[in-house]
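One file, run.cif, carrying mmCIF, C-alpha atoms:
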data_start
#
loop_
_atom_site.label_atom_id
_atom_site.label_comp_id
_atom_site.auth_asym_id
_atom_site.auth_seq_id
_atom_site.Cartn_x
_atom_site.Cartn_y
_atom_site.Cartn_z
CA MET A 3 -36.67 10.84 -60.90
CA LYS A 4 -35.23 13.97 -59.29
CA ILE A 5 -36.59 14.66 -55.79
CA ALA A 6 -35.87 18.02 -54.17
CA SER A 7 -34.12 18.28 -50.83
CA ALA A 8 -36.29 19.34 -47.89
CA ALA A 9 -34.90 22.20 -45.81
CA THR A 10 -35.43 23.02 -42.15
CA ALA A 11 -33.86 25.79 -40.07
CA ARG A 12 -30.63 23.82 -39.58
CA LEU A 13 -30.86 20.80 -41.86
CA LEU A 14 -31.24 19.55 -45.40
CA LEU A 15 -32.89 16.20 -46.02
CA HIS A 16 -31.04 15.07 -49.13
CA PRO A 17 -32.85 12.35 -51.15
CA LEU A 18 -30.41 9.59 -51.99
CA SER A 19 -29.86 8.54 -55.56
CA VAL A 20 -29.11 4.90 -56.31
CA ASP A 21 -25.40 5.73 -56.77
CA GLU A 22 -25.25 7.57 -53.44
CA ALA A 23 -27.14 4.76 -51.72
CA GLU A 24 -24.69 2.19 -53.06
CA ARG A 25 -21.80 4.21 -51.55
CA VAL A 26 -23.60 4.28 -48.18
CA VAL A 27 -24.12 0.50 -48.24
CA ALA A 28 -20.47 -0.02 -49.19
CA ARG A 29 -19.42 2.52 -46.52
CA GLU A 30 -17.22 4.17 -49.15
CA PRO A 31 -17.74 7.93 -49.50
CA GLY A 32 -17.26 9.54 -52.87
CA SER A 33 -14.94 12.51 -53.34
CA SER A 34 -17.79 14.99 -52.78
CA ASP A 35 -19.43 13.18 -49.83
CA ARG A 36 -18.97 14.90 -46.46
CA TRP A 37 -19.72 12.29 -43.81
CA ALA A 38 -19.52 12.95 -40.06
CA GLU A 39 -17.55 10.48 -37.99
CA GLY A 40 -19.63 7.35 -37.49
CA TYR A 41 -21.72 7.70 -40.65
CA PRO A 42 -23.11 5.48 -41.98
CA GLN A 43 -24.26 3.53 -38.94
CA ASP A 44 -25.55 -0.04 -39.17
CA GLY A 45 -29.14 1.26 -39.20
CA ASP A 46 -28.32 3.54 -42.14
CA VAL A 47 -26.88 0.62 -44.08
CA ARG A 48 -29.98 -1.52 -43.34
CA GLY A 49 -32.37 1.26 -44.32
CA VAL A 50 -30.52 2.15 -47.50
CA THR A 51 -30.24 -1.53 -48.43
CA GLY A 52 -34.04 -1.70 -48.16
CA PHE A 53 -34.33 1.39 -50.36
CA LEU A 54 -32.10 -0.22 -53.03
CA ARG A 55 -34.05 -3.49 -52.84
CA GLY A 56 -37.32 -1.57 -53.28
CA VAL A 57 -35.95 0.31 -56.31
CA ALA A 58 -34.88 -3.00 -57.87
CA GLU A 59 -38.28 -4.64 -57.20
CA ARG A 60 -40.75 -1.75 -57.72
CA GLY A 61 -38.84 1.10 -59.34
CA ASP A 62 -38.17 4.56 -57.97
CA PRO A 63 -40.35 5.26 -54.89
CA GLY A 64 -40.53 9.01 -55.42
CA VAL A 65 -40.46 10.85 -52.09
CA TYR A 66 -40.83 7.58 -50.13
CA ARG A 67 -37.08 6.95 -50.12
CA ALA A 68 -33.94 7.21 -48.00
CA TYR A 69 -32.53 10.65 -47.15
CA GLU A 70 -29.28 11.87 -45.66
CA ILE A 71 -29.57 14.37 -42.80
CA ARG A 72 -27.12 17.13 -43.70
CA LEU A 73 -26.20 20.23 -41.72
CA ARG A 74 -27.32 23.22 -43.77
CA GLU A 75 -24.25 25.35 -43.10
CA SER A 76 -21.56 22.77 -43.82
CA GLY A 77 -23.28 20.02 -45.81
CA VAL A 78 -21.87 17.40 -43.43
CA VAL A 79 -24.02 14.25 -43.19
CA VAL A 80 -24.90 13.61 -39.53
CA GLY A 81 -27.39 10.78 -40.03
CA GLY A 82 -30.05 9.18 -42.12
CA ILE A 83 -33.83 9.18 -42.23
CA GLY A 84 -36.35 7.74 -44.59
CA PHE A 85 -39.32 5.62 -45.40
CA HIS A 86 -39.30 1.83 -45.38
CA GLY A 87 -41.05 2.01 -48.74
CA PRO A 88 -44.26 3.47 -50.15
CA PRO A 89 -47.40 3.61 -48.00
CA ASP A 90 -49.21 0.34 -47.30
CA ASP A 91 -52.76 -0.50 -48.44
CA LEU A 92 -54.15 1.82 -45.75
CA GLY A 93 -51.95 4.68 -46.96
CA VAL A 94 -49.60 4.52 -43.97
CA ALA A 95 -45.84 4.82 -44.44
CA THR A 96 -43.20 3.60 -41.97
CA VAL A 97 -40.21 5.71 -40.99
CA GLY A 98 -36.76 5.07 -39.56
CA TYR A 99 -33.94 7.43 -38.61
CA GLY A 100 -30.64 7.78 -36.82
CA VAL A 101 -28.04 10.41 -35.98
CA VAL A 102 -24.34 9.69 -35.41
CA PRO A 103 -23.35 9.58 -31.72
CA GLY A 104 -21.27 12.78 -31.84
CA GLU A 105 -24.26 14.82 -33.05
CA ARG A 106 -26.99 13.45 -30.77
CA GLY A 107 -28.78 15.60 -28.23
CA LYS A 108 -28.96 18.64 -30.53
CA GLY A 109 -32.52 18.10 -31.77
CA TYR A 110 -31.48 17.08 -35.28
CA ALA A 111 -33.52 13.85 -35.31
CA SER A 112 -36.71 15.63 -34.20
CA GLU A 113 -36.18 18.42 -36.73
CA ALA A 114 -35.54 15.91 -39.52
CA LEU A 115 -38.54 13.77 -38.56
CA ARG A 116 -40.87 16.80 -38.53
CA ALA A 117 -39.71 17.51 -42.10
CA LEU A 118 -40.28 13.87 -43.11
CA VAL A 119 -43.78 13.94 -41.58
CA GLU A 120 -44.53 16.96 -43.78
CA ILE A 121 -43.13 15.21 -46.87
CA ALA A 122 -45.48 12.25 -46.24
CA ARG A 123 -48.46 14.53 -45.59
CA VAL A 124 -47.92 16.58 -48.75
CA ALA A 125 -47.37 13.39 -50.79
CA GLY A 126 -50.82 12.16 -49.75
CA ALA A 127 -50.05 9.50 -47.16
CA ALA A 128 -52.84 8.80 -44.68
CA GLY A 129 -50.37 8.58 -41.82
CA LEU A 130 -46.89 7.75 -40.65
CA LYS A 131 -45.77 5.13 -38.15
CA GLY A 132 -42.55 4.22 -36.42
CA ASP A 133 -41.33 2.20 -33.47
CA ALA A 134 -38.45 2.05 -31.03
CA ASP A 135 -37.16 -0.37 -28.43
CA LEU A 136 -38.79 0.11 -25.02
CA ASP A 137 -35.53 1.37 -23.51
CA ASN A 138 -34.85 3.86 -26.35
CA VAL A 139 -36.38 6.83 -24.55
CA ALA A 140 -34.52 9.32 -26.77
CA SER A 141 -36.25 7.91 -29.87
CA HIS A 142 -39.62 8.02 -28.09
CA ARG A 143 -39.00 11.73 -27.45
CA VAL A 144 -38.03 12.29 -31.10
CA MET A 145 -41.29 10.81 -32.37
CA ALA A 146 -43.36 12.68 -29.78
CA ALA A 147 -41.61 15.95 -30.70
CA ALA A 148 -42.54 15.32 -34.35
CA GLY A 149 -46.23 15.00 -33.43
CA MET A 150 -46.42 11.22 -33.33
CA ARG A 151 -48.19 9.62 -30.40
CA CYS A 152 -47.63 6.29 -28.74
CA VAL A 153 -50.45 4.00 -29.86
CA ALA A 154 -49.25 0.59 -28.65
CA GLU A 155 -46.55 -1.21 -26.75
CA ASP A 156 -45.50 -4.84 -26.75
CA GLU A 157 -42.80 -6.77 -24.92
CA ARG A 158 -40.08 -5.22 -27.11
CA LEU A 159 -41.28 -2.05 -28.85
CA ARG A 160 -43.22 1.15 -28.36
CA HIS A 161 -45.23 2.01 -31.50
CA PHE A 162 -45.94 5.59 -32.63
CA TYR A 163 -48.34 7.03 -35.22
CA VAL A 164 -49.51 10.30 -36.69
CA GLY A 165 -52.49 10.54 -39.04
CA PHE A 166 -53.17 13.25 -41.61
#

Let me see the structure of the file written as structure tokens.
Amino acid sequence: MKIASAATARLLLHPLSVDEAERVVAREPGSSDRWAEGYPQDGDVRGVTGFLRGVAERGDPGVYRAYEIRLRESGVVVGGIGFHGPPDDLGVATVGYGVVPGERGKGYASEALRALVEIARVAGAAGLKGDADLDNVASHRVMAAAGMRCVAEDERLRHFYVGF
């Protein structure tokens, strides 16, 4: 299944194919891959591994997949974002994301997450949720900037949600 990239003012969310995802997990870029220093991070590898496992178990997830965050002008991959799989029984999808250290603080994660929220909304999800460690204030700001609100907190995590 061919999924189109989502474009924002500065970014492209590039939907990973299985072949591309396998290169990310192996941390071995292909000749045409343009990865920023530090990509993929451990979180990217975990997320993309989950994507590959889901494809093997359930087939292609359509838009509910892993994406690379690419700079529009250069095509350089500065991070990853994606869904942890298709929406649950309530229609809610879970999201994860990360940007390489050298590109943080530029608003890329918030911009990419706003685009992913729109992908989920258009695809018919009932909502989107995510979480971050209590001390990860930057990630809390990213989710708030994308329209998600804090709905719960436990001893380890702050939980965010946006409904459609």

Please identify all polymer residues within 6 Å of A:Gly129, counting only C-alpha atoms, omitting same-chain residues fewer than 6 positions from it, and present them as a VMD selection string. chain A and resid 94 164 to 166

Export C-alpha atoms of the chosen residues as a PDB file, in the frame of the given file?
ATOM      1  CA  VAL A  94     -49.600   4.520 -43.970  1.00  0.00           C
ATOM      2  CA  VAL A 164     -49.510  10.300 -36.690  1.00  0.00           C
ATOM      3  CA  GLY A 165     -52.490  10.540 -39.040  1.00  0.00           C
ATOM      4  CA  PHE A 166     -53.170  13.250 -41.610  1.00  0.00           C
TER       5      PHE A 166
END

Quick check, in Å to one decimal: how far apart do atom CA of A:Ile71 and atom CA of A:Val139 lie?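 Pair atom CA of A:Ile71 / atom CA of A:Val139 returns 20.9 Å.
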
d(atom CA of A:Glu39, atom CA of A:Gly98) in Å: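 According to the coordinates, atom CA of A:Glu39 and atom CA of A:Gly98 are separated by 20.0 Å.
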
Need to verify the contact set: stretch 135-137 of chain A, 9 Å, all atoms listed in the file, exclusion of same-chain residues closer than 2 positions in sequence. Can you return it as a list of chain:residue names?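 So, after excluding close chain neighbours, the residues are A:Asp133, A:Val139, A:Ala140, A:Ser141, A:His142, A:Glu155, A:Asp156, A:Glu157, A:Arg158, A:Leu159, A:Arg160, A:His161.
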
Quick one: of A:Gly61, A:Gly40, A:Gly56, A:Gly132, who's nearest to A:Ile83, counting all atoms listed in the file?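 Looking at the shortest contact to A:Ile83, the residue is A:Gly132.
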
Under the rule that all atoms listed in the file are counted, which of A:Met150, A:Leu13, A:Ala134, A:Leu92 is the nearest residue to A:Arg74?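 For A:Arg74, the nearest of the candidates is A:Leu13.
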
Could you expand the PyMOL selection byres ((chain A and resi 24) around 12) into the explicit residues it covers here, written as a list in words? Leu18, Ser19, Val20, Asp21, Glu22, Ala23, Arg25, Val26, Val27, Ala28, Arg29, Glu30, Pro31, Gly32, Pro42, Asp46, Val47, Arg48, Gly49, Val50, Thr51, Gly52, Phe53, Leu54, Arg55, Val57 and Ala68 of chain A
